[in-house]
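Peer 1: Structure: my_file_38.txt, compact mmCIF, C-alpha atoms and all ligand atoms.
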```
# COMPACT_ATOMS: atom_id res chain seq x y z
CA MET A 30 58.92 36.64 -38.64
CA SER A 31 55.66 34.79 -38.47
CA GLU A 32 53.55 32.81 -40.88
CA GLY A 33 50.91 34.88 -42.60
CA ALA A 34 48.13 33.91 -44.94
CA LEU A 35 48.61 31.31 -47.66
CA LEU A 36 50.00 32.76 -50.85
CA PRO A 37 47.31 32.90 -53.54
CA ARG A 38 47.18 29.87 -55.81
CA GLN A 39 49.07 30.31 -59.08
CA TRP A 40 46.04 29.64 -61.25
CA ASP A 41 47.99 30.02 -64.50
CA VAL A 42 49.90 26.87 -63.55
CA HIS A 43 46.85 24.66 -62.95
CA PRO A 44 44.54 23.30 -65.64
CA PRO A 45 41.28 25.16 -66.27
CA ALA A 46 38.17 23.44 -64.95
CA TYR A 47 36.56 23.33 -68.40
CA TRP A 48 38.70 21.38 -70.84
CA PRO A 49 36.47 19.87 -73.52
CA ASP A 50 39.15 17.58 -74.98
CA TYR A 51 38.78 15.77 -71.65
CA LYS A 52 35.07 15.19 -72.06
CA THR A 53 34.09 14.50 -68.46
CA THR A 54 35.10 18.03 -67.48
CA VAL A 55 32.26 19.52 -69.53
CA ALA A 56 29.50 18.60 -67.07
CA ARG A 57 31.70 18.82 -63.97
CA SER A 58 33.38 22.22 -64.34
CA PRO A 59 31.92 25.16 -62.42
CA SER A 60 30.99 27.93 -64.82
CA LEU A 61 30.89 30.74 -62.27
CA PRO A 62 34.09 32.26 -60.87
CA LEU A 63 35.57 31.02 -57.60
CA LEU A 64 35.09 33.29 -54.58
CA SER A 65 38.59 34.57 -53.77
CA MET A 66 39.53 35.70 -50.26
CA GLU A 67 42.52 35.73 -47.95
CA SER A 68 42.93 32.36 -46.23
CA THR A 69 41.59 31.84 -42.71
CA PRO A 70 42.50 29.36 -39.95
CA SER A 71 40.24 26.81 -41.68
CA GLU A 72 42.63 26.71 -44.64
CA GLU A 73 45.87 27.46 -42.77
CA THR A 74 45.55 24.50 -40.42
CA GLY A 75 45.37 20.94 -41.64
CA PRO A 76 45.55 17.30 -40.61
CA ARG A 77 48.92 15.94 -39.49
CA PHE A 78 49.88 12.31 -39.70
CA GLY A 79 52.62 10.57 -37.78
CA HIS A 80 55.17 7.94 -38.82
CA THR A 81 53.56 5.51 -36.40
CA MET A 82 50.69 4.92 -38.82
CA LEU A 83 53.07 3.59 -41.47
CA GLY A 84 53.81 -0.07 -41.99
CA PRO A 85 57.34 -1.06 -43.07
CA LEU A 86 56.26 -1.88 -46.64
CA ASP A 87 53.82 0.99 -47.15
CA ASN A 88 56.15 2.73 -49.61
CA ASN A 89 57.12 -0.46 -51.43
CA LEU A 90 54.49 -1.30 -54.05
CA ILE A 91 56.59 -4.17 -55.35
CA LEU A 92 56.06 -6.03 -52.09
CA ASN A 93 53.25 -4.46 -50.06
CA TYR A 94 50.34 -6.33 -51.62
CA THR A 95 51.78 -9.72 -50.73
CA LYS A 96 53.25 -8.46 -47.45
CA GLY A 97 56.71 -9.24 -48.75
CA GLU A 98 55.96 -12.78 -49.97
CA ALA A 99 56.37 -12.19 -53.73
CA SER A 100 57.37 -9.42 -56.14
CA ALA A 101 55.09 -7.59 -58.53
CA ILE A 102 55.70 -8.08 -62.24
CA GLY A 103 57.30 -5.24 -64.18
CA GLU A 104 60.32 -2.97 -64.44
CA ARG A 105 61.56 -2.18 -60.98
CA ILE A 106 61.80 1.56 -60.34
CA ARG A 107 62.49 3.92 -57.49
CA VAL A 108 60.54 7.19 -57.48
CA HIS A 109 61.85 9.87 -55.18
CA GLY A 110 61.99 13.60 -54.66
CA LYS A 111 61.29 16.46 -52.32
CA VAL A 112 58.13 18.19 -51.22
CA MET A 113 58.65 21.91 -50.75
CA ASP A 114 56.74 25.16 -50.79
CA GLU A 115 56.92 28.05 -53.25
CA ASN A 116 59.60 29.67 -51.15
CA GLY A 117 61.76 26.60 -51.69
CA ARG A 118 61.46 25.51 -48.08
CA PRO A 119 61.20 21.74 -47.53
CA ILE A 120 57.91 20.45 -46.11
CA PRO A 121 58.83 17.81 -43.53
CA GLN A 122 56.50 15.22 -41.95
CA THR A 123 53.81 15.37 -44.58
CA LEU A 124 51.87 12.47 -46.04
CA VAL A 125 52.43 11.46 -49.67
CA GLU A 126 50.13 8.81 -51.15
CA ILE A 127 50.38 7.26 -54.61
CA TRP A 128 48.32 4.91 -56.75
CA GLN A 129 48.90 3.46 -60.18
CA ALA A 130 48.08 0.78 -62.75
CA ASN A 131 50.13 -2.39 -62.90
CA ALA A 132 52.79 -3.04 -65.54
CA GLY A 133 50.07 -4.00 -68.03
CA GLY A 134 48.06 -0.81 -67.51
CA ARG A 135 45.34 -2.36 -65.34
CA TYR A 136 44.11 -0.96 -62.02
CA ARG A 137 43.04 -3.16 -59.16
CA HIS A 138 39.68 -1.40 -58.79
CA ILE A 139 36.14 -2.70 -58.94
CA LYS A 140 35.41 -0.30 -61.80
CA ASP A 141 38.42 -1.07 -64.03
CA THR A 142 37.35 -3.62 -66.64
CA TYR A 143 40.29 -3.30 -69.07
CA PHE A 144 41.23 -6.78 -70.25
CA ALA A 145 44.93 -6.48 -69.44
CA PRO A 146 45.34 -8.97 -66.59
CA LEU A 147 45.65 -8.20 -62.91
CA ASP A 148 48.98 -9.08 -61.36
CA PRO A 149 48.33 -11.37 -58.38
CA ASN A 150 51.27 -9.73 -56.61
CA PHE A 151 50.41 -6.08 -57.18
CA GLY A 152 47.89 -3.88 -55.37
CA GLY A 153 48.79 -0.43 -56.64
CA CYS A 154 48.87 1.92 -53.67
CA GLY A 155 51.61 3.21 -51.42
CA ARG A 156 52.21 5.95 -48.89
CA THR A 157 55.00 7.56 -46.94
CA ILE A 158 55.74 10.61 -44.80
CA THR A 159 58.46 13.05 -45.83
CA GLY A 160 61.66 13.31 -43.82
CA ASP A 161 63.04 16.43 -42.14
CA ASP A 162 64.36 17.63 -45.50
CA GLY A 163 61.02 17.08 -47.26
CA SER A 164 62.27 13.99 -49.08
CA TYR A 165 60.26 10.89 -49.91
CA GLU A 166 60.77 7.68 -51.87
CA PHE A 167 58.85 4.74 -53.23
CA MET A 168 59.81 1.44 -54.78
CA THR A 169 57.38 0.30 -57.44
CA VAL A 170 57.08 -1.07 -60.98
CA ARG A 171 56.71 1.12 -64.02
CA PRO A 172 52.97 1.41 -64.72
CA GLY A 173 51.72 0.52 -68.20
CA ALA A 174 49.95 2.95 -70.52
CA TYR A 175 46.24 2.23 -70.86
CA PRO A 176 43.31 3.12 -73.13
CA TRP A 177 40.41 5.12 -71.70
CA PRO A 178 36.94 6.06 -72.87
CA ASN A 179 37.23 9.64 -74.12
CA ARG A 180 37.84 10.11 -77.82
CA ALA A 181 37.84 6.83 -79.73
CA ASN A 182 41.54 6.05 -79.39
CA ASP A 183 42.86 7.91 -76.33
CA TRP A 184 45.64 6.44 -74.23
CA ARG A 185 46.98 7.60 -70.91
CA PRO A 186 50.76 7.88 -70.84
CA MET A 187 52.50 5.93 -68.11
CA HIS A 188 51.78 7.80 -64.89
CA ILE A 189 51.63 7.59 -61.12
CA HIS A 190 48.91 9.49 -59.24
CA PHE A 191 50.18 11.55 -56.28
CA SER A 192 48.23 12.97 -53.34
CA VAL A 193 50.06 15.44 -51.07
CA PHE A 194 48.89 17.25 -47.94
CA GLY A 195 51.40 19.88 -46.84
CA HIS A 196 50.64 21.39 -43.45
CA SER A 197 47.54 23.40 -44.38
CA PHE A 198 44.26 22.13 -45.76
CA GLY A 199 44.52 24.91 -48.36
CA GLN A 200 47.73 23.34 -49.73
CA ARG A 201 46.04 20.08 -50.69
CA LEU A 202 47.13 18.76 -54.08
CA ILE A 203 46.45 15.77 -56.29
CA THR A 204 48.52 15.40 -59.42
CA GLN A 205 50.21 12.85 -61.70
CA MET A 206 53.82 12.07 -62.48
CA TYR A 207 54.67 11.17 -66.05
CA PHE A 208 57.86 9.51 -67.29
CA GLN A 209 60.59 11.25 -69.23
CA GLY A 210 60.59 10.32 -72.91
CA ASP A 211 57.08 8.85 -73.06
CA PRO A 212 55.70 9.75 -76.52
CA LEU A 213 52.10 9.47 -75.26
CA ILE A 214 52.47 12.56 -73.03
CA GLU A 215 52.02 14.98 -75.90
CA LEU A 216 48.98 13.08 -77.21
CA CYS A 217 47.14 13.04 -73.88
CA PRO A 218 44.29 15.53 -73.38
CA ILE A 219 44.63 15.32 -69.59
CA ALA A 220 48.35 16.19 -69.71
CA ALA A 221 47.51 18.93 -72.23
CA SER A 222 45.17 20.54 -69.69
CA VAL A 223 48.38 21.98 -68.21
CA ARG A 224 48.59 24.61 -70.91
CA ASP A 225 52.16 25.81 -70.56
CA LYS A 226 54.88 23.39 -71.64
CA THR A 227 57.22 24.61 -68.88
CA HIS A 228 54.61 23.75 -66.29
CA LEU A 229 53.82 20.38 -67.86
CA ASP A 230 57.52 19.55 -67.77
CA ARG A 231 57.29 19.84 -64.00
CA LEU A 232 55.04 16.76 -64.02
CA VAL A 233 57.56 14.65 -65.89
CA GLY A 234 59.72 12.53 -63.61
CA ALA A 235 63.32 12.70 -64.79
CA LEU A 236 65.45 9.62 -65.28
CA ASP A 237 67.98 9.76 -62.45
CA LEU A 238 70.85 7.38 -63.14
CA LYS A 239 72.85 8.61 -60.18
CA ASN A 240 70.22 7.30 -57.79
CA SER A 241 69.57 4.12 -59.76
CA ARG A 242 71.14 0.87 -58.66
CA GLY A 243 72.90 -1.40 -61.15
CA MET A 244 71.33 -4.86 -61.62
CA ASP A 245 68.36 -3.71 -59.52
CA TYR A 246 66.28 -0.59 -60.34
CA LEU A 247 66.10 2.65 -62.32
CA ALA A 248 65.36 5.86 -60.43
CA TYR A 249 63.08 8.74 -61.36
CA ARG A 250 63.14 12.12 -59.67
CA PHE A 251 59.91 14.02 -59.01
CA ASP A 252 59.88 17.16 -56.85
CA ILE A 253 56.59 18.64 -55.70
CA VAL A 254 55.95 22.32 -54.93
CA LEU A 255 52.93 23.31 -52.85
CA ARG A 256 51.58 26.77 -52.05
CA GLY A 257 53.57 28.61 -49.41
CA ARG A 258 52.68 31.20 -46.81
CA ARG A 259 53.42 34.87 -46.64
CA GLN A 260 56.27 35.65 -44.26
CA THR A 261 55.61 38.78 -42.29
CA MET A 262 56.60 40.76 -39.27
CA PHE A 263 53.36 42.70 -39.42
CA GLU A 264 50.66 40.20 -38.76
CA ASN A 265 48.20 40.52 -35.92
CA LYS A 266 47.79 37.13 -34.37
CA THR A 267 44.34 36.28 -33.20
CA GLU A 268 43.84 34.69 -29.86
CA GLY A 269 43.93 30.92 -29.83
CA MET A 270 45.99 30.61 -33.01
CA MET B 7 56.51 39.75 -66.42
CA ASN B 8 56.74 37.26 -63.60
CA PRO B 9 55.03 38.87 -60.59
CA TYR B 10 56.81 36.51 -58.17
CA PRO B 11 60.42 36.58 -59.38
CA ASP B 12 61.98 34.74 -56.46
CA MET B 13 59.34 32.03 -56.10
CA LEU B 14 59.08 28.52 -57.44
CA SER B 15 55.98 27.77 -59.45
CA GLU B 16 53.48 25.37 -57.93
CA THR B 17 53.29 21.81 -59.19
CA PRO B 18 50.23 21.73 -61.49
CA SER B 19 47.17 19.79 -60.44
CA GLN B 20 45.92 16.85 -62.48
CA THR B 21 42.57 15.11 -62.17
CA ALA B 22 42.27 12.44 -59.50
CA GLY B 23 40.68 10.19 -62.13
CA PRO B 24 38.20 7.38 -61.50
CA TYR B 25 40.54 5.22 -59.42
CA ILE B 26 41.46 7.64 -56.64
CA HIS B 27 39.99 5.23 -54.12
CA ILE B 28 42.91 2.83 -54.64
CA GLY B 29 45.30 5.41 -53.21
CA CYS B 30 43.11 7.21 -50.69
CA ILE B 31 40.40 4.80 -49.53
CA PRO B 32 41.53 1.39 -50.78
CA SER B 33 38.73 -0.56 -49.09
CA PHE B 34 36.21 1.30 -51.27
CA ALA B 35 38.12 0.17 -54.37
CA GLY B 36 37.76 -3.44 -53.24
CA LEU B 37 41.37 -3.44 -52.12
CA PRO B 38 41.55 -4.00 -48.37
CA GLY B 39 44.51 -5.30 -46.46
CA ILE B 40 47.51 -3.25 -47.57
CA TYR B 41 46.98 -0.76 -44.74
CA PRO B 42 45.39 -1.77 -41.42
CA GLU B 43 42.56 0.69 -42.15
CA ASP B 44 41.65 3.48 -44.57
CA LEU B 45 42.86 6.92 -43.54
CA GLY B 46 40.33 9.46 -42.24
CA GLN B 47 37.44 7.12 -41.57
CA SER B 48 36.05 9.43 -38.91
CA PRO B 49 36.80 13.01 -37.77
CA ILE B 50 35.79 12.14 -34.21
CA SER B 51 36.40 9.38 -31.72
CA ASP B 52 34.44 8.29 -28.65
CA GLY B 53 34.06 11.06 -26.15
CA ALA B 54 34.19 13.96 -28.62
CA LYS B 55 32.45 16.96 -27.09
CA GLY B 56 29.50 18.62 -28.77
CA GLN B 57 26.50 17.74 -30.87
CA VAL B 58 26.98 14.68 -33.08
CA ILE B 59 25.51 15.38 -36.51
CA THR B 60 25.10 13.60 -39.81
CA VAL B 61 25.38 15.35 -43.17
CA THR B 62 24.30 13.56 -46.34
CA GLY B 63 24.31 14.77 -49.91
CA SER B 64 25.29 14.17 -53.52
CA VAL B 65 27.74 15.68 -55.98
CA LEU B 66 25.62 16.62 -58.98
CA ASP B 67 26.88 17.44 -62.48
CA SER B 68 25.30 19.97 -64.86
CA THR B 69 22.69 17.43 -65.96
CA GLY B 70 21.62 16.74 -62.37
CA TRP B 71 23.29 13.32 -62.33
CA ALA B 72 24.90 12.34 -59.03
CA SER B 73 28.52 11.34 -59.59
CA ARG B 74 29.44 7.87 -58.35
CA ASP B 75 33.19 8.35 -58.26
CA ALA B 76 33.92 11.50 -56.25
CA MET B 77 36.01 11.64 -53.11
CA ILE B 78 35.50 14.36 -50.53
CA GLU B 79 37.72 15.41 -47.66
CA SER B 80 36.45 17.46 -44.75
CA TRP B 81 38.37 19.55 -42.24
CA GLN B 82 36.90 21.34 -39.26
CA ALA B 83 37.36 22.71 -35.77
CA ASP B 84 36.06 21.04 -32.61
CA SER B 85 32.88 22.14 -30.86
CA ALA B 86 34.78 25.00 -29.20
CA GLY B 87 36.15 26.30 -32.50
CA LEU B 88 39.68 24.97 -31.95
CA PHE B 89 41.69 22.98 -34.48
CA PRO B 90 43.85 19.98 -33.57
CA GLY B 91 47.18 21.24 -32.27
CA HIS B 92 45.66 24.37 -30.76
CA LYS B 93 45.86 24.73 -27.00
CA GLY B 94 42.84 23.16 -25.34
CA ALA B 95 41.56 21.46 -28.50
CA ASP B 96 39.39 18.38 -27.98
CA PRO B 97 41.71 15.34 -28.19
CA ASN B 98 38.82 13.28 -29.58
CA VAL B 99 38.41 15.45 -32.66
CA SER B 100 40.90 14.77 -35.46
CA GLY B 101 38.87 17.15 -37.63
CA PHE B 102 39.69 15.25 -40.82
CA CYS B 103 37.48 12.84 -42.73
CA ARG B 104 37.50 11.18 -46.14
CA PHE B 105 34.40 9.82 -47.78
CA ALA B 106 33.29 8.82 -51.25
CA THR B 107 30.03 9.20 -53.11
CA ASP B 108 28.40 5.77 -53.19
CA LYS B 109 29.19 3.72 -56.29
CA ASP B 110 25.53 2.80 -56.77
CA ASN B 111 23.46 5.82 -55.69
CA GLY B 112 25.98 8.66 -55.46
CA GLU B 113 25.16 9.57 -51.84
CA PHE B 114 27.79 10.57 -49.30
CA LEU B 115 27.53 10.60 -45.53
CA LEU B 116 29.60 12.49 -42.97
CA LYS B 117 29.15 11.84 -39.27
CA THR B 118 30.92 14.36 -37.05
CA VAL B 119 30.42 16.93 -34.31
CA LYS B 120 29.11 20.34 -35.18
CA PRO B 121 32.10 22.71 -35.12
CA GLY B 122 32.20 25.88 -33.05
CA ALA B 123 32.80 29.35 -34.44
CA VAL B 124 36.41 30.09 -35.44
CA THR B 125 37.94 33.55 -35.22
CA ASP B 126 39.76 34.77 -38.32
CA ARG B 127 42.93 36.86 -38.55
CA SER B 128 41.18 40.17 -38.23
CA GLY B 129 39.31 39.02 -35.14
CA LEU B 130 35.98 38.38 -36.84
CA LYS B 131 34.02 35.31 -35.85
CA MET B 132 33.24 32.96 -38.71
CA ALA B 133 29.96 31.08 -38.36
CA PRO B 134 30.38 27.34 -37.70
CA HIS B 135 31.42 25.58 -40.88
CA ILE B 136 33.12 22.49 -42.24
CA SER B 137 35.62 22.89 -45.10
CA LEU B 138 35.30 20.48 -48.01
CA TRP B 139 37.67 19.52 -50.81
CA ILE B 140 36.15 17.60 -53.72
CA VAL B 141 38.08 15.58 -56.28
CA ALA B 142 36.90 13.23 -59.04
CA ARG B 143 37.30 12.20 -62.63
CA GLY B 144 36.51 15.30 -64.72
CA ILE B 145 37.62 17.71 -61.97
CA ASN B 146 41.02 19.03 -63.02
CA THR B 147 41.82 20.87 -59.79
CA GLY B 148 40.22 19.93 -56.47
CA LEU B 149 37.23 22.14 -55.60
CA SER B 150 36.93 23.83 -52.21
CA THR B 151 33.72 24.81 -50.52
CA ARG B 152 32.19 25.03 -47.03
CA ILE B 153 29.20 23.59 -45.23
CA TYR B 154 27.39 26.13 -43.03
CA PHE B 155 24.27 25.25 -41.05
CA GLU B 156 20.71 26.47 -41.43
CA ASP B 157 20.14 26.55 -37.66
CA GLU B 158 23.15 28.79 -36.86
CA ASP B 159 23.44 32.56 -37.09
CA ASN B 160 25.24 33.06 -40.39
CA SER B 161 24.40 36.73 -40.76
CA ALA B 162 27.83 38.14 -39.88
CA ASP B 163 30.02 35.49 -41.46
CA PRO B 164 32.84 37.25 -43.35
CA LEU B 165 32.89 34.75 -46.21
CA LEU B 166 29.15 34.50 -46.76
CA SER B 167 28.98 38.30 -46.68
CA ARG B 168 31.26 38.41 -49.70
CA ILE B 169 28.80 36.56 -51.93
CA GLU B 170 27.26 39.21 -54.14
CA GLN B 171 24.24 37.27 -55.39
CA ARG B 172 22.43 36.69 -52.09
CA PRO B 173 20.47 33.63 -53.24
CA ARG B 174 23.78 31.85 -53.90
CA ILE B 175 24.57 31.91 -50.15
CA ASP B 176 21.98 29.16 -49.86
CA THR B 177 24.27 26.79 -51.78
CA LEU B 178 26.64 26.74 -48.78
CA ILE B 179 24.01 26.11 -46.14
CA ALA B 180 23.09 22.61 -45.03
CA LYS B 181 19.34 22.14 -44.55
CA ARG B 182 18.15 20.53 -41.36
CA THR B 183 16.05 17.48 -42.27
CA GLY B 184 15.73 15.91 -38.84
CA ASP B 185 17.18 15.80 -35.38
CA SER B 186 20.93 16.48 -35.91
CA VAL B 187 20.56 15.43 -39.56
CA TYR B 188 21.41 17.75 -42.46
CA ARG B 189 21.30 17.68 -46.23
CA PHE B 190 24.04 19.31 -48.32
CA ASP B 191 24.03 18.78 -52.09
CA ILE B 192 26.95 20.00 -54.14
CA ARG B 193 26.09 21.26 -57.64
CA LEU B 194 29.23 21.38 -59.75
CA LYS B 195 27.77 23.39 -62.60
CA GLY B 196 24.61 25.01 -63.88
CA GLU B 197 21.43 25.92 -62.06
CA GLY B 198 22.02 26.33 -58.35
CA GLU B 199 25.78 26.00 -58.84
CA THR B 200 27.57 25.75 -55.49
CA VAL B 201 29.87 28.62 -54.57
CA PHE B 202 33.41 27.26 -54.81
CA LEU B 203 36.24 28.95 -52.98
CA ASP B 204 39.74 30.22 -53.64
CA LEU B 205 41.35 31.00 -50.31
FE FE C 301 45.42 6.74 -63.96
```
Would you kindly transcribe this structure into structure tokens?

Peer 2:
Amino acid sequence: MSEGALLPRQWDVHPPAYWPDYKTTVARSPSLPLLSMESTPSEETGPRFGHTMLGPLDNNLILNYTKGEASAIGERIRVHGKVMDENGRPIPQTLVEIWQANAGGRYRHIKDTYFAPLDPNFGGCGRTITGDDGSYEFMTVRPGAYPWPNRANDWRPMHIHFSVFGHSFGQRLITQMYFQGDPLIELCPIAASVRDKTHLDRLVGALDLKNSRGMDYLAYRFDIVLRGRRQTMFENKTEGM
Amino acid sequence: MNPYPDMLSETPSQTAGPYIHIGCIPSFAGLPGIYPEDLGQSPISDGAKGQVITVTGSVLDSTGWASRDAMIESWQADSAGLFPGHKGADPNVSGFCRFATDKDNGEFLLKTVKPGAVTDRSGLKMAPHISLWIVARGINTGLSTRIYFEDEDNSADPLLSRIEQRPRIDTLIAKRTGDSVYRFDIRLKGEGETVFLDL
């Protein structure tokens, strides 16, 4: 068996480009159809990153901003899960990056002017590389909900932004993890851009008491599924691949 | 009916939002120091073989306004058409770069080596190109496209040949504006809309 082309994206799962309830999409959504083709080496290869680039606190957002000197303010949580492909196979050694607001809903970014205060001990980014079984984990604080300029009174539910590579440039994904039980999820036009409730549920991190630690942190479980590749015995390999 | 009964469904995409820089290029967000350096600062290092080129451009919305908050990733072969990990690939070409549109004027800049032609699965040579992936606030699922070059022979490229409306091919071709300098504007929507890819 060898690895064939990437499986086509499941476009029914992803949000449409044009989603007027999220106003910024109106001027930024292509109106012509995408050009669909079988993937080529340009999409089937992709950057690889090694563990050596990681610092010991890179996946600990509670401590990484102060280099371990002081803890960020907020509810301590552990976010963990597995990265796998559509065939259910784990994706080992792939980079996972996250970013988020602090416990008050404020981002440490030159363009965030929300008046909730910055936390002097919280930066808001983290990264890790999955293990042999595709697993990853982060320690962080639960991000606050925040208001955003869309309709007059829109609020983002608590969420963590995720960026995942996989092993092919064509697998690249950016998404958001929400938190189980957050009533703002169903009011959010960005969450609603995932049209099917079953698919939206996949973005909701589940409370995971078994992997929580008493007197320390709550755990949330968030698995990520990227496009896979066709498995085939009948694939002509081109030279140099 | 589910056409893929034994497959998991993909995790849905969500917009990268306006603060993507915090996670992907923290120095741009005004947040240096957590990592020793931002990832993907350059696709090449000293000694990379081939012609060093610069590509500049903007990411324009349907009103012609250049977005100030987009992030772009590029991925490409070395000057011989080999990707990192392939036998004989140039060790000084990582092939991967991350760059943002400027927060004040919306311009991006990519400095790299011009890639060589890559052969596809059916043995056809693809004209030299750089793959791009564009994410931003207001983009729900990252957009893929390619940069081809005005001064290369693009006539037999299998992807460009698939574009029915011939004038649209132009949207994927960087214009040479000087010695080893190219211009490539990305139009998200409307007149001159860039061809975006699904492959
Ligand atoms: Fe956010």

Peer 1: Let me see if you get this right: every residue at most 9 Å from ligand FE 301 (chain C), counting all atoms listed in the file, written as a count of residues only.

Peer 2: 19

Peer 1: Taking 4 positions as the minimum chain separation for residues in the same chain, which residues sit within 9 Å of Gly196 of chain B when counting all atoms listed in the file? Answer as an NGL selection string.

Peer 2: (:A and (56 or 59-61)) or (:B and (67-70 or 200))

Peer 1: Write out as a PyMOL selection string each polymer residue whose atoms come within 6 Å of segment 145-157 of chain A, counting all atoms listed in the file; drop sequence neighbours fewer than 4 positions from it.

Peer 2: (chain A and resi 87-88+90+94-95+101+124-129+133+135) or (chain B and resi 29)

Peer 1: Please produce a file of the residues just selected, as a PDB file, in the frame of the given file, where the atoms kept are C-alpha atoms.

Peer 2:
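Output file out25.pdb is given in full below:
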```
ATOM      1  CA  ASP A  87      53.820   0.990 -47.150  1.00  0.00           C
ATOM      2  CA  ASN A  88      56.150   2.730 -49.610  1.00  0.00           C
ATOM      3  CA  LEU A  90      54.490  -1.300 -54.050  1.00  0.00           C
ATOM      4  CA  TYR A  94      50.340  -6.330 -51.620  1.00  0.00           C
ATOM      5  CA  THR A  95      51.780  -9.720 -50.730  1.00  0.00           C
ATOM      6  CA  ALA A 101      55.090  -7.590 -58.530  1.00  0.00           C
ATOM      7  CA  LEU A 124      51.870  12.470 -46.040  1.00  0.00           C
ATOM      8  CA  VAL A 125      52.430  11.460 -49.670  1.00  0.00           C
ATOM      9  CA  GLU A 126      50.130   8.810 -51.150  1.00  0.00           C
ATOM     10  CA  ILE A 127      50.380   7.260 -54.610  1.00  0.00           C
ATOM     11  CA  TRP A 128      48.320   4.910 -56.750  1.00  0.00           C
ATOM     12  CA  GLN A 129      48.900   3.460 -60.180  1.00  0.00           C
ATOM     13  CA  GLY A 133      50.070  -4.000 -68.030  1.00  0.00           C
ATOM     14  CA  ARG A 135      45.340  -2.360 -65.340  1.00  0.00           C
TER      15      ARG A 135
ATOM     16  CA  GLY B  29      45.300   5.410 -53.210  1.00  0.00           C
TER      17      GLY B  29
END
```

Peer 1: Per residue of chain B within 6 Å of chain A, note the shortest atom pair and the distance in Å to one decimal, counting all atoms listed in the file, and order the rows by chain and increasing residue number, as a tab-separated table.

Peer 2:
```
residue	atom	partner	partner_atom	distance
B:Met13	CA	A:Glu115	CA	5.5
B:Leu14	CA	A:Glu115	CA	4.7
B:Glu16	CA	A:Val254	CA	4.9
B:Thr17	CA	A:Val254	CA	5.0
B:Pro18	CA	A:His43	CA	4.7
B:Ser19	CA	A:Thr204	CA	4.7
B:Gln20	CA	A:Thr204	CA	4.3
B:Gly29	CA	A:Trp128	CA	4.7
B:Ala35	CA	A:His138	CA	4.9
B:Gly36	CA	A:Ile139	CA	6.0
B:Ile40	CA	A:Tyr94	CA	5.8
B:Asp67	CA	A:Arg57	CA	5.2
B:Ser68	CA	A:Ala56	CA	4.9
B:Asp126	CA	A:Thr69	CA	5.6
B:Arg127	CA	A:Thr267	CA	5.6
B:Gly144	CA	A:Thr54	CA	4.1
B:Asn146	CA	A:Ala46	CA	5.6
B:Leu194	CA	A:Pro59	CA	5.4
B:Lys195	CA	A:Pro59	CA	4.5
B:Phe202	CA	A:Leu63	CA	5.2
B:Leu203	CA	A:Leu64	CA	4.8
B:Asp204	CA	A:Ser65	CA	4.5
B:Leu205	CA	A:Ser68	CA	4.6
```

Peer 1: Can you measure atom CA of Gly103 of chain A to atom CA of Asn131 of chain A for me? One decimal in Å is fine.

Peer 2: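 The value is 7.8 Å.
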
Peer 1: In Å, rounded to a single decimal, give me how far atom CA of Ile50 of chain B is from atom CA of Val119 of chain B.

Peer 2: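 Distance between the two atoms: 7.2 Å.
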
Peer 1: Box along x, y and z, 4 Å on every side, all listed atoms of segment 132-151 of chain B inside: centre and edge lengths in Å to one decimal, as AutoDock Vina command-line options.

Peer 2:
```
--center_x 35.9 --center_y 22.6 --center_z -51.2 --size_x 19.9 --size_y 28.8 --size_z 35.0
```

Peer 1: For a test of reading the model, state the distance in Å between atom CA of Pro218 of chain A and atom CA of Ala142 of chain B, rounded to one decimal.

Peer 2: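 Interatomic distance here is 16.3 Å.
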
Peer 1: Pick out the residues sitting within 9 Å of segment 177-189 of chain B, and hand them over as a list of chain:residue names; count only C-alpha atoms, and ignore anything fewer than 5 positions along from it in its own chain.

Peer 2: B:Gln57, B:Val58, B:Ile59, B:Thr60, B:Val61, B:Thr62, B:Gly63, B:Thr151, B:Arg152, B:Ile153, B:Tyr154, B:Phe155, B:Glu156, B:Asp157, B:Leu166, B:Gly198, B:Glu199, B:Thr200, B:Val201

Peer 1: Residues of the last selection are to be written out with C-alpha atoms, as a compact mmCIF listing (two decimals), in the coordinates of the input.

Peer 2:
```
# COMPACT_ATOMS: atom_id res chain seq x y z
CA GLN B 57 26.50 17.74 -30.87
CA VAL B 58 26.98 14.68 -33.08
CA ILE B 59 25.51 15.38 -36.51
CA THR B 60 25.10 13.60 -39.81
CA VAL B 61 25.38 15.35 -43.17
CA THR B 62 24.30 13.56 -46.34
CA GLY B 63 24.31 14.77 -49.91
CA THR B 151 33.72 24.81 -50.52
CA ARG B 152 32.19 25.03 -47.03
CA ILE B 153 29.20 23.59 -45.23
CA TYR B 154 27.39 26.13 -43.03
CA PHE B 155 24.27 25.25 -41.05
CA GLU B 156 20.71 26.47 -41.43
CA ASP B 157 20.14 26.55 -37.66
CA LEU B 166 29.15 34.50 -46.76
CA GLY B 198 22.02 26.33 -58.35
CA GLU B 199 25.78 26.00 -58.84
CA THR B 200 27.57 25.75 -55.49
CA VAL B 201 29.87 28.62 -54.57
```

Peer 1: Extract, using all atoms listed in the file, all DNA, RNA and protein residues at most 7 Å from Asp108 of chain B, discarding same-chain residues fewer than 5 positions from it, and format them as a list in words.

Peer 2: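 With the cut-off at 7 Å, the set is Arg74, Glu113 and Phe114 of chain B.
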
Peer 1: As a count of residues only, please: the residues near segment 132-141 of chain B (cut-off 6 Å, only C-alpha atoms, same-chain neighbours under 4 positions excluded).

Peer 2: 21

Peer 1: Between A:Pro172, A:Gly160, A:Gly210, A:Pro121, single out the one closest to Glu104 of chain A, counting all atoms listed in the file.

Peer 2: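 Ranking A:Pro172, A:Gly160, A:Gly210, A:Pro121 by distance to Glu104 of chain A, first place goes to A:Pro172.
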